[in-house]
file my_file_39.txt (compact mmCIF, C-alpha atoms)
# COMPACT_ATOMS: atom_id res chain seq x y z
CA MET A 279 85.16 170.57 92.91
CA ASP A 280 84.81 172.97 95.84
CA GLU A 281 86.17 172.30 99.32
CA LYS A 282 82.87 171.07 100.76
CA ASP A 283 82.35 168.56 97.93
CA PHE A 284 85.95 167.39 98.32
CA LEU A 285 85.43 166.89 102.06
CA ALA A 286 82.18 165.00 101.44
CA GLU A 287 83.94 162.73 98.96
CA ARG A 288 86.70 161.95 101.44
CA PHE A 289 84.12 161.28 104.14
CA GLU A 290 82.21 158.85 101.92
CA ALA A 291 85.44 156.96 101.32
CA GLU A 292 85.75 156.49 105.09
CA ARG A 293 82.07 155.70 105.71
CA PRO A 294 82.30 151.86 105.47
CA GLN A 295 85.12 151.77 108.04
CA LEU A 296 83.30 154.18 110.34
CA ARG A 297 80.09 152.16 110.08
CA ALA A 298 82.04 148.99 110.91
CA VAL A 299 83.51 150.63 114.01
CA ALA A 300 80.12 151.94 115.16
CA TYR A 301 78.32 148.63 114.56
CA ARG A 302 80.87 146.70 116.60
CA MET A 303 80.61 149.32 119.33
CA LEU A 304 76.82 149.45 119.48
CA GLY A 305 75.44 146.22 117.98
CA SER A 306 72.69 148.36 116.44
CA LEU A 307 72.58 149.18 112.74
CA SER A 308 70.40 152.27 113.15
CA GLU A 309 72.46 153.67 116.03
CA ALA A 310 75.66 152.95 114.09
CA GLU A 311 74.34 154.91 111.12
CA ASP A 312 73.35 157.76 113.44
CA ALA A 313 76.86 157.82 114.93
CA VAL A 314 78.43 158.00 111.48
CA GLN A 315 76.07 160.81 110.48
CA GLU A 316 76.97 162.71 113.64
CA ALA A 317 80.63 162.40 112.67
CA TRP A 318 79.84 164.00 109.32
CA LEU A 319 77.96 166.85 110.99
CA ARG A 320 80.89 167.54 113.30
CA LEU A 321 83.33 167.38 110.40
CA SER A 322 81.28 169.76 108.28
CA ARG A 323 81.25 172.30 111.14
CA SER A 324 84.96 171.99 111.93
CA ASP A 325 88.05 173.80 110.74
CA THR A 326 89.72 170.97 108.81
CA SER A 327 92.96 172.80 108.10
CA ASP A 328 94.58 171.28 111.20
CA ILE A 329 93.36 167.71 110.59
CA GLY A 330 96.39 165.79 109.38
CA ASN A 331 94.84 162.32 109.54
CA LEU A 332 91.19 162.48 108.56
CA ALA A 333 90.54 158.75 109.03
CA GLY A 334 91.96 158.86 112.55
CA TRP A 335 90.06 162.04 113.40
CA LEU A 336 86.76 160.56 112.22
CA THR A 337 87.37 157.28 114.05
CA THR A 338 87.98 159.23 117.25
CA VAL A 339 84.77 161.20 116.77
CA VAL A 340 82.73 158.05 116.10
CA GLY A 341 84.32 156.42 119.15
CA ARG A 342 83.30 159.34 121.37
CA VAL A 343 79.75 159.35 120.00
CA CYS A 344 79.42 155.59 120.54
CA LEU A 345 80.84 155.84 124.05
CA ASP A 346 78.20 158.43 124.93
CA VAL A 347 75.47 156.19 123.50
CA LEU A 348 76.71 153.19 125.51
CA ARG A 349 76.90 155.21 128.71
CA THR A 350 73.38 156.54 128.20
CA ARG A 351 72.14 153.06 127.40
CA THR A 352 73.72 151.66 130.58
CA SER A 353 72.28 154.40 132.80
CA ARG A 354 68.78 153.90 131.41
CA ARG A 355 68.77 150.12 131.91
CA GLU A 356 67.73 150.02 135.50
CA ASP A 357 66.07 146.70 134.77
CA PRO A 358 68.21 145.25 131.95
CA LEU A 359 66.51 142.99 129.47
CA ASP A 360 67.29 139.36 130.21
CA VAL A 361 67.62 138.68 126.50
CA TYR A 362 69.03 140.97 123.86
CA VAL A 363 70.14 139.90 120.39
CA PRO A 364 72.08 142.57 118.46
CA ASP A 365 70.85 143.72 115.06
CA PRO A 366 71.86 141.14 112.45
CA VAL A 367 73.31 141.97 109.04
CA VAL A 368 71.28 139.82 106.64
CA GLY A 369 71.90 138.95 103.00
CA ARG A 370 71.31 136.27 100.41
CA ALA A 371 72.80 132.89 101.21
CA GLU A 372 74.33 132.48 97.77
CA ALA A 373 75.98 135.89 97.52
CA VAL A 374 78.69 137.17 99.83
CA ASP A 375 78.89 140.94 99.46
CA PRO A 376 81.88 142.99 100.68
CA GLU A 377 80.18 143.96 103.94
CA HIS A 378 79.52 140.31 104.83
CA GLU A 379 83.06 139.37 103.80
CA ALA A 380 84.38 141.98 106.23
CA LEU A 381 82.12 140.72 109.01
CA GLN A 382 83.23 137.15 108.47
CA ALA A 383 86.91 138.07 108.21
CA ASP A 384 86.70 139.95 111.52
CA SER A 385 84.64 137.14 113.13
CA VAL A 386 81.93 139.59 114.13
CA GLY A 387 79.18 137.07 114.58
CA LEU A 388 76.13 137.60 116.74
CA ALA A 389 77.67 135.47 119.50
CA LEU A 390 80.63 137.86 119.80
CA LEU A 391 78.37 140.93 119.72
CA VAL A 392 76.31 139.45 122.55
CA VAL A 393 79.47 139.15 124.67
CA LEU A 394 80.59 142.67 123.74
CA ASP A 395 77.25 143.93 125.04
CA THR A 396 78.19 142.68 128.53
CA LEU A 397 81.32 144.86 128.70
CA ALA A 398 81.51 148.24 130.39
CA PRO A 399 81.37 151.07 127.81
CA ALA A 400 85.04 152.07 128.15
CA GLU A 401 86.16 148.43 128.03
CA ARG A 402 84.17 147.82 124.88
CA LEU A 403 85.60 150.88 123.18
CA ALA A 404 89.18 149.99 124.10
CA PHE A 405 88.76 146.40 122.91
CA VAL A 406 86.97 147.24 119.66
CA LEU A 407 89.27 150.08 118.62
CA HIS A 408 92.52 148.37 119.58
CA ASP A 409 91.91 144.67 118.94
CA MET A 410 89.65 145.00 115.89
CA PHE A 411 90.92 148.21 114.27
CA ALA A 412 94.51 148.54 115.56
CA VAL A 413 93.98 152.03 117.02
CA SER A 414 96.81 152.91 119.39
CA PHE A 415 96.25 153.13 123.13
CA ASP A 416 97.47 156.73 123.07
CA GLU A 417 94.60 157.64 120.73
CA ILE A 418 92.03 155.61 122.67
CA ALA A 419 93.19 157.15 125.95
CA SER A 420 92.09 160.59 124.78
CA ILE A 421 88.57 159.27 124.13
CA VAL A 422 88.08 157.47 127.47
CA GLU A 423 90.02 160.15 129.40
CA ARG A 424 92.44 157.66 130.93
CA THR A 425 96.18 157.22 130.72
CA PRO A 426 97.49 154.93 127.95
CA ALA A 427 98.47 152.39 130.62
CA ALA A 428 94.97 152.41 132.12
CA THR A 429 93.47 152.14 128.65
CA ARG A 430 95.66 149.10 127.96
CA GLN A 431 94.23 147.52 131.11
CA LEU A 432 90.68 148.22 129.93
CA ALA A 433 91.37 146.36 126.70
CA SER A 434 93.11 143.53 128.54
CA ARG A 435 90.14 142.99 130.88
CA ALA A 436 87.74 143.07 127.95
CA ARG A 437 89.89 140.62 126.00
CA ARG A 438 89.89 138.11 128.87
CA ARG A 439 86.11 138.31 129.15
CA VAL A 440 85.63 137.88 125.42
CA GLN A 441 88.01 134.93 125.24
CA GLY A 442 86.29 133.31 128.18
CA ALA A 443 82.74 133.76 126.91
CA ALA A 444 82.67 134.01 123.11
CA PRO A 445 82.89 130.69 121.24
CA VAL A 446 85.60 130.31 118.60
CA ALA A 447 83.47 129.96 115.49
CA ASP A 448 84.12 127.73 112.49
CA THR A 449 84.81 129.83 109.38
CA ASP A 450 84.08 127.28 106.62
CA LEU A 451 80.89 128.76 105.15
CA ALA A 452 80.10 125.68 103.06
CA ARG A 453 80.27 123.45 106.14
CA GLN A 454 78.17 125.93 108.11
CA ARG A 455 75.52 125.89 105.41
CA GLU A 456 75.48 122.08 105.38
CA VAL A 457 74.84 121.92 109.13
CA VAL A 458 72.25 124.72 109.16
CA ASP A 459 70.40 123.17 106.21
CA ALA A 460 70.36 119.85 108.10
CA PHE A 461 68.99 121.68 111.17
CA LEU A 462 66.24 123.24 109.07
CA ALA A 463 65.34 119.90 107.46
CA ALA A 464 65.22 118.15 110.83
CA SER A 465 63.07 120.95 112.29
CA ARG A 466 60.63 120.67 109.40
CA GLY A 467 60.40 116.92 109.88
CA GLY A 468 60.28 117.02 113.67
CA ASP A 469 63.29 114.68 113.73
CA PHE A 470 64.37 114.75 117.38
CA GLU A 471 67.38 112.47 116.97
CA ALA A 472 68.72 114.24 113.90
CA LEU A 473 68.55 117.59 115.73
CA LEU A 474 70.49 116.18 118.68
CA THR A 475 73.36 115.08 116.43
CA LEU A 476 73.77 118.65 115.14
CA LEU A 477 73.90 120.37 118.53
CA ASP A 478 76.72 120.74 121.01
CA PRO A 479 75.63 119.35 124.40
CA ASP A 480 76.02 122.82 125.93
CA VAL A 481 74.34 124.73 123.11
CA VAL A 482 72.69 128.03 124.00
CA LEU A 483 69.59 129.41 122.26
CA ARG A 484 68.82 133.08 122.77
CA ALA A 485 65.46 134.40 121.51
CA ASP A 486 64.72 138.13 121.56
CA SER A 487 61.08 138.89 120.84
CA GLY A 488 61.22 142.48 122.08
CA ALA A 489 60.15 144.22 125.25
CA ALA A 490 56.46 144.10 124.31
CA ALA A 491 56.40 140.31 123.97
CA VAL A 492 56.10 139.39 127.64
CA GLY A 493 57.26 135.85 128.34
CA GLU A 494 58.43 135.07 124.79
CA SER A 495 62.04 136.21 125.04
CA LYS A 496 64.17 133.50 126.57
CA VAL A 497 67.55 131.85 126.95
CA VAL A 498 67.54 128.06 126.61
CA ARG A 499 70.60 125.99 127.53
CA GLY A 500 71.46 122.39 126.70
CA ALA A 501 70.81 120.22 123.65
CA LEU A 502 67.63 118.55 124.90
CA ALA A 503 65.97 121.84 125.82
CA VAL A 504 66.99 123.44 122.53
CA VAL A 505 65.62 120.48 120.55
CA GLU A 506 62.25 120.98 122.23
CA GLN A 507 62.30 124.60 121.07
CA ALA A 508 63.31 123.54 117.56
CA ILE A 509 60.39 121.11 117.39
CA THR A 510 58.10 123.96 118.45
CA PHE A 511 59.61 126.03 115.63
CA SER A 512 58.67 123.34 113.10
CA ARG A 513 55.35 125.02 112.28
CA PHE A 514 57.31 128.04 110.99
CA ALA A 515 60.12 126.01 109.43
CA GLN A 516 58.21 125.59 106.15
CA TYR A 517 58.51 129.37 105.68
CA ALA A 518 62.23 129.47 106.51
CA ARG A 519 64.86 130.29 103.92
CA PRO A 520 68.66 130.10 104.03
CA ALA A 521 70.36 133.46 104.46
CA LEU A 522 73.70 134.93 105.39
CA VAL A 523 73.62 136.38 108.91
CA ASN A 524 76.68 138.38 109.98
CA GLY A 525 78.81 136.57 107.47
CA ALA A 526 77.70 133.09 108.58
CA ALA A 527 75.03 130.61 107.53
CA GLY A 528 71.65 131.54 108.98
CA ILE A 529 67.90 131.40 108.41
CA VAL A 530 65.10 133.91 107.89
CA ALA A 531 61.47 132.90 108.42
CA ALA A 532 58.89 134.92 106.50
CA PRO A 533 55.33 133.52 106.42
CA GLU A 534 53.49 135.04 103.44
CA GLY A 535 56.53 137.23 102.78
CA GLN A 536 56.31 138.97 106.17
CA LEU A 537 59.54 138.69 108.15
CA PHE A 538 58.94 136.74 111.36
CA SER A 539 62.46 136.00 112.60
CA VAL A 540 66.17 135.99 111.77
CA MET A 541 68.26 133.13 113.15
CA GLY A 542 72.03 133.30 113.43
CA PHE A 543 74.07 130.15 114.09
CA THR A 544 77.51 129.76 115.62
CA LEU A 545 79.33 126.50 114.95
CA THR A 546 82.42 125.11 116.66
CA HIS A 547 84.03 121.88 115.46
CA GLY A 548 81.02 121.24 113.22
CA LYS A 549 78.46 121.47 116.03
CA ILE A 550 75.95 124.26 116.69
CA VAL A 551 77.02 125.96 119.92
CA GLU A 552 74.79 129.02 119.79
CA ILE A 553 71.54 130.05 118.09
CA ASP A 554 70.58 133.72 118.26
CA ILE A 555 67.05 134.62 117.17
CA LEU A 556 65.73 138.11 116.60
CA ALA A 557 61.92 138.09 116.50
CA ASP A 558 61.22 141.63 117.69
CA PRO A 559 58.72 142.97 115.10
CA GLU A 560 59.74 146.59 115.62
CA ARG A 561 63.44 145.94 115.11
CA LEU A 562 62.85 143.54 112.23
CA ARG A 563 60.97 146.28 110.37
CA ARG A 564 64.09 148.47 110.53
CA LEU A 565 66.40 145.89 108.93
CA ASP A 566 67.54 146.37 105.35
CA LEU A 567 66.37 143.18 103.64
CA SER A 568 66.41 144.47 100.07
CA ASP A 569 68.54 141.46 99.08
CA LEU A 570 65.70 139.18 100.23
CA SER A 571 62.87 141.04 98.52
CA ASP A 572 61.80 137.92 96.64
CA LEU A 573 60.69 136.05 99.80
CA ALA A 574 57.00 136.52 99.06
CA ASP A 575 57.48 135.31 95.49
CA GLN A 576 59.33 132.27 96.79
CA ASP A 577 56.47 131.45 99.19
CA ASP A 578 54.00 131.71 96.31
CA ARG A 579 56.09 129.31 94.26
CA ASP A 580 56.30 126.88 97.17
CA ASP A 581 52.52 127.02 97.68
CA ARG A 582 52.00 126.20 93.98
CA ASP A 583 54.48 123.33 94.23
CA ASP A 584 52.60 121.93 97.22
call {"tool": "encode", "arguments": {"input": "my_file_39.txt", "output": "structure tokens"}}
result
Amino acid sequence: MDEKDFLAERFEAERPQLRAVAYRMLGSLSEAEDAVQEAWLRLSRSDTSDIGNLAGWLTTVVGRVCLDVLRTRTSRREDPLDVYVPDPVVGRAEAVDPEHEALQADSVGLALLVVLDTLAPAERLAFVLHDMFAVSFDEIASIVERTPAATRQLASRARRRVQGAAPVADTDLARQREVVDAFLAASRGGDFEALLTLLDPDVVLRADSGAAAVGESKVVRGALAVVEQAITFSRFAQYARPALVNGAAGIVAAPEGQLFSVMGFTLTHGKIVEIDILADPERLRRLDLSDLSDLADQDDRDDRDD
């Protein structure tokens, strides 16, 4: 094996960790993959003889790339979108793959990613690298060009905002699935009272239909208002299927096998406290749903059963 092949092999071993860092930094699967690829390009062009800790070097590079992306994103959002749901990681409800296990173990649900998206770029980087990946403040300081003490303060401010805004999610997947299945059944049946029993009084529903869908993206707060939205959803509920969304119980709706929406649920103390819906056709087309490739076949079977 020559040196380039050896380097590529070592990089591939680090790729899952780098992708996890980038996804938590950016909340975008495609941008995360681009950041990881940029790290490879920089590595392949570098003199690696002085790199003592390859994993640390690559994490630093990915951090810098993500920080640049976040800063560019912030400067371009002169009129920020009122509603933005991060890219979900979607898989089969009955199979927990290693990526979903990692997401669930790190509690990286959509609700947390939404809160992370409200942080300043440097705060987000400091929080993600230190609190989620145990990177030292000395290393992070070199990325954000601050002193270690100032970097510690960045992470501290971010941590307070996250703790104050992100719900503490239940981790029992079986219980999550029970509640989400009950929500789906009640939506299909238009059962107003049953829906109310499943929702926290202060539940928040966030629906992102994309920039082109004027008037359809929205944030709805309170159980009664969310129930009204769920009843409206009932006409699509017959096409909904259980799925795993960011390591938690969720739903995908795919009329005639065409993906219409992905719904992520956050539960606290057995009640639904947040529903995050991605219904942006452009972004949905970019999701990797190879695990759900039998949706059209399932719809055909359901039509025959009916």
call {"tool": "closest_residue", "arguments": {"input": "my_file_39.txt", "among": "A:Asn524, A:Ser465, A:Thr350, A:Ser308", "to": "A:Thr544", "atoms": "all atoms listed in the file"}}
result
A:Asn524
call {"tool": "atom_distance", "arguments": {"input": "my_file_39.txt", "atom1": "atom CA of A:Met410", "atom2": "atom CA of A:Arg302"}}
result
9.0 Å
call {"tool": "residues_around", "arguments": {"input": "my_file_39.txt", "residues": "stretch 281-298 of chain A", "least_positions_apart": "3", "cutoff": "9 Å", "atoms": "only C-alpha atoms", "output": "mmCIF file with C-alpha atoms, in the coordinates of the input"}}
result
data_model
loop_
_atom_site.group_PDB
_atom_site.id
_atom_site.type_symbol
_atom_site.label_atom_id
_atom_site.label_comp_id
_atom_site.auth_asym_id
_atom_site.auth_seq_id
_atom_site.Cartn_x
_atom_site.Cartn_y
_atom_site.Cartn_z
ATOM 1 C CA TYR A 301 78.320 148.630 114.560
ATOM 2 C CA ARG A 302 80.870 146.700 116.600
ATOM 3 C CA MET A 303 80.610 149.320 119.330
ATOM 4 C CA LEU A 307 72.580 149.180 112.740
ATOM 5 C CA ALA A 310 75.660 152.950 114.090
ATOM 6 C CA GLU A 311 74.340 154.910 111.120
ATOM 7 C CA ALA A 313 76.860 157.820 114.930
ATOM 8 C CA VAL A 314 78.430 158.000 111.480
ATOM 9 C CA ALA A 317 80.630 162.400 112.670
ATOM 10 C CA TRP A 318 79.840 164.000 109.320
ATOM 11 C CA LEU A 321 83.330 167.380 110.400
ATOM 12 C CA SER A 322 81.280 169.760 108.280
ATOM 13 C CA THR A 326 89.720 170.970 108.810
ATOM 14 C CA LEU A 332 91.190 162.480 108.560
ATOM 15 C CA ALA A 333 90.540 158.750 109.030
ATOM 16 C CA LEU A 336 86.760 160.560 112.220
ATOM 17 C CA THR A 337 87.370 157.280 114.050
ATOM 18 C CA VAL A 340 82.730 158.050 116.100
ATOM 19 C CA GLU A 377 80.180 143.960 103.940
ATOM 20 C CA ALA A 380 84.380 141.980 106.230
ATOM 21 C CA LEU A 381 82.120 140.720 109.010
#
call {"tool": "closest_residue", "arguments": {"input": "my_file_39.txt", "among": "A:Val505, A:Leu483, A:Leu567, A:Ala419", "to": "A:Met541", "atoms": "only C-alpha atoms"}}
result
A:Leu483
call {"tool": "residues_near_point", "arguments": {"input": "my_file_39.txt", "point": "(83.2, 158.7, 120.8)", "cutoff": "10 Å", "atoms": "only C-alpha atoms", "output": "list in words"}}
result
Ala300, Met303, Ala313, Ala317, Leu336, Thr337, Thr338, Val339, Val340, Gly341, Arg342, Val343, Cys344, Leu345, Asp346, Val347, Leu348, Leu403, Ile418, Ser420, Ile421 and Val422 of chain A
call {"tool": "atom_distance", "arguments": {"input": "my_file_39.txt", "atom1": "atom CA of A:Val458", "atom2": "atom CA of A:Phe543"}}
result
7.6 Å
call {"tool": "axis_aligned_box", "arguments": {"input": "my_file_39.txt", "around": "stretch 301-312 of chain A", "padding_each_side": "8 Å", "output": "AutoDock Vina command-line options"}}
result
--center_x 75.6 --center_y 152.0 --center_z 115.3 --size_x 26.5 --size_y 27.5 --size_z 24.4
call {"tool": "closest_residue", "arguments": {"input": "my_file_39.txt", "among": "A:Glu401, A:Glu309, A:Glu417, A:Asp566", "to": "A:Arg437", "atoms": "all atoms listed in the file"}}
result
A:Glu401
call {"tool": "build_atoms", "arguments": {"input": "my_file_39.txt", "residues": "stretch 321-332 of chain A", "atoms": "all heavy atoms", "output": "short mmCIF file (atom, residue, chain, number, x, y, z; two decimals), in the frame of the given file"}}
result
data_model
loop_
_atom_site.label_atom_id
_atom_site.label_comp_id
_atom_site.auth_asym_id
_atom_site.auth_seq_id
_atom_site.Cartn_x
_atom_site.Cartn_y
_atom_site.Cartn_z
N LEU A 321 82.29 167.07 111.37
CA LEU A 321 83.33 167.38 110.40
C LEU A 321 82.96 168.61 109.58
O LEU A 321 83.79 169.49 109.35
CB LEU A 321 83.56 166.18 109.48
CG LEU A 321 84.60 166.37 108.36
CD1 LEU A 321 85.99 166.58 108.97
CD2 LEU A 321 84.60 165.17 107.42
N SER A 322 81.71 168.66 109.14
CA SER A 322 81.28 169.76 108.28
C SER A 322 81.28 171.10 109.01
O SER A 322 81.33 172.15 108.37
CB SER A 322 79.88 169.47 107.72
OG SER A 322 78.91 169.42 108.76
N ARG A 323 81.25 171.06 110.34
CA ARG A 323 81.25 172.30 111.14
C ARG A 323 82.64 172.65 111.65
O ARG A 323 82.80 173.66 112.35
CB ARG A 323 80.30 172.15 112.32
CG ARG A 323 78.83 171.95 111.95
CD ARG A 323 78.04 171.50 113.15
NE ARG A 323 76.65 171.22 112.82
CZ ARG A 323 75.81 170.55 113.61
NH1 ARG A 323 76.24 170.07 114.76
NH2 ARG A 323 74.56 170.33 113.23
N SER A 324 83.62 171.82 111.35
CA SER A 324 84.96 171.99 111.93
C SER A 324 85.91 172.68 110.96
O SER A 324 85.72 172.64 109.74
CB SER A 324 85.54 170.64 112.34
OG SER A 324 84.73 170.00 113.30
N ASP A 325 86.95 173.27 111.53
CA ASP A 325 88.05 173.80 110.74
C ASP A 325 88.97 172.62 110.43
O ASP A 325 89.63 172.07 111.32
CB ASP A 325 88.80 174.86 111.54
CG ASP A 325 90.00 175.42 110.77
OD1 ASP A 325 90.22 174.98 109.61
OD2 ASP A 325 90.72 176.27 111.33
N THR A 326 88.99 172.19 109.18
CA THR A 326 89.72 170.97 108.81
C THR A 326 91.18 171.24 108.45
O THR A 326 91.91 170.30 108.14
CB THR A 326 89.03 170.28 107.62
OG1 THR A 326 89.01 171.19 106.50
CG2 THR A 326 87.61 169.89 107.98
N SER A 327 91.59 172.48 108.52
CA SER A 327 92.96 172.80 108.10
C SER A 327 94.00 172.15 109.01
O SER A 327 95.14 171.91 108.58
CB SER A 327 93.16 174.32 108.08
OG SER A 327 92.93 174.88 109.36
N ASP A 328 93.63 171.87 110.26
CA ASP A 328 94.58 171.28 111.20
C ASP A 328 94.44 169.76 111.32
O ASP A 328 95.10 169.14 112.15
CB ASP A 328 94.40 171.91 112.59
CG ASP A 328 94.80 173.38 112.61
OD1 ASP A 328 95.66 173.76 111.79
OD2 ASP A 328 94.23 174.13 113.42
N ILE A 329 93.56 169.17 110.53
CA ILE A 329 93.36 167.71 110.59
C ILE A 329 94.35 167.05 109.64
O ILE A 329 94.20 167.09 108.42
CB ILE A 329 91.92 167.32 110.21
CG1 ILE A 329 90.92 167.97 111.17
CG2 ILE A 329 91.75 165.80 110.24
CD1 ILE A 329 89.46 167.70 110.82
N GLY A 330 95.37 166.44 110.21
CA GLY A 330 96.39 165.79 109.38
C GLY A 330 95.99 164.39 108.96
O GLY A 330 96.35 163.93 107.88
N ASN A 331 95.26 163.71 109.81
CA ASN A 331 94.84 162.32 109.54
C ASN A 331 93.33 162.26 109.65
O ASN A 331 92.79 162.09 110.75
CB ASN A 331 95.51 161.37 110.54
CG ASN A 331 95.10 159.92 110.35
OD1 ASN A 331 94.28 159.59 109.49
ND2 ASN A 331 95.65 159.04 111.17
N LEU A 332 92.65 162.41 108.53
CA LEU A 332 91.19 162.48 108.56
C LEU A 332 90.58 161.18 109.06
O LEU A 332 89.63 161.21 109.85
CB LEU A 332 90.65 162.81 107.16
CG LEU A 332 89.12 162.94 107.06
CD1 LEU A 332 88.63 164.09 107.92
CD2 LEU A 332 88.69 163.12 105.61
#
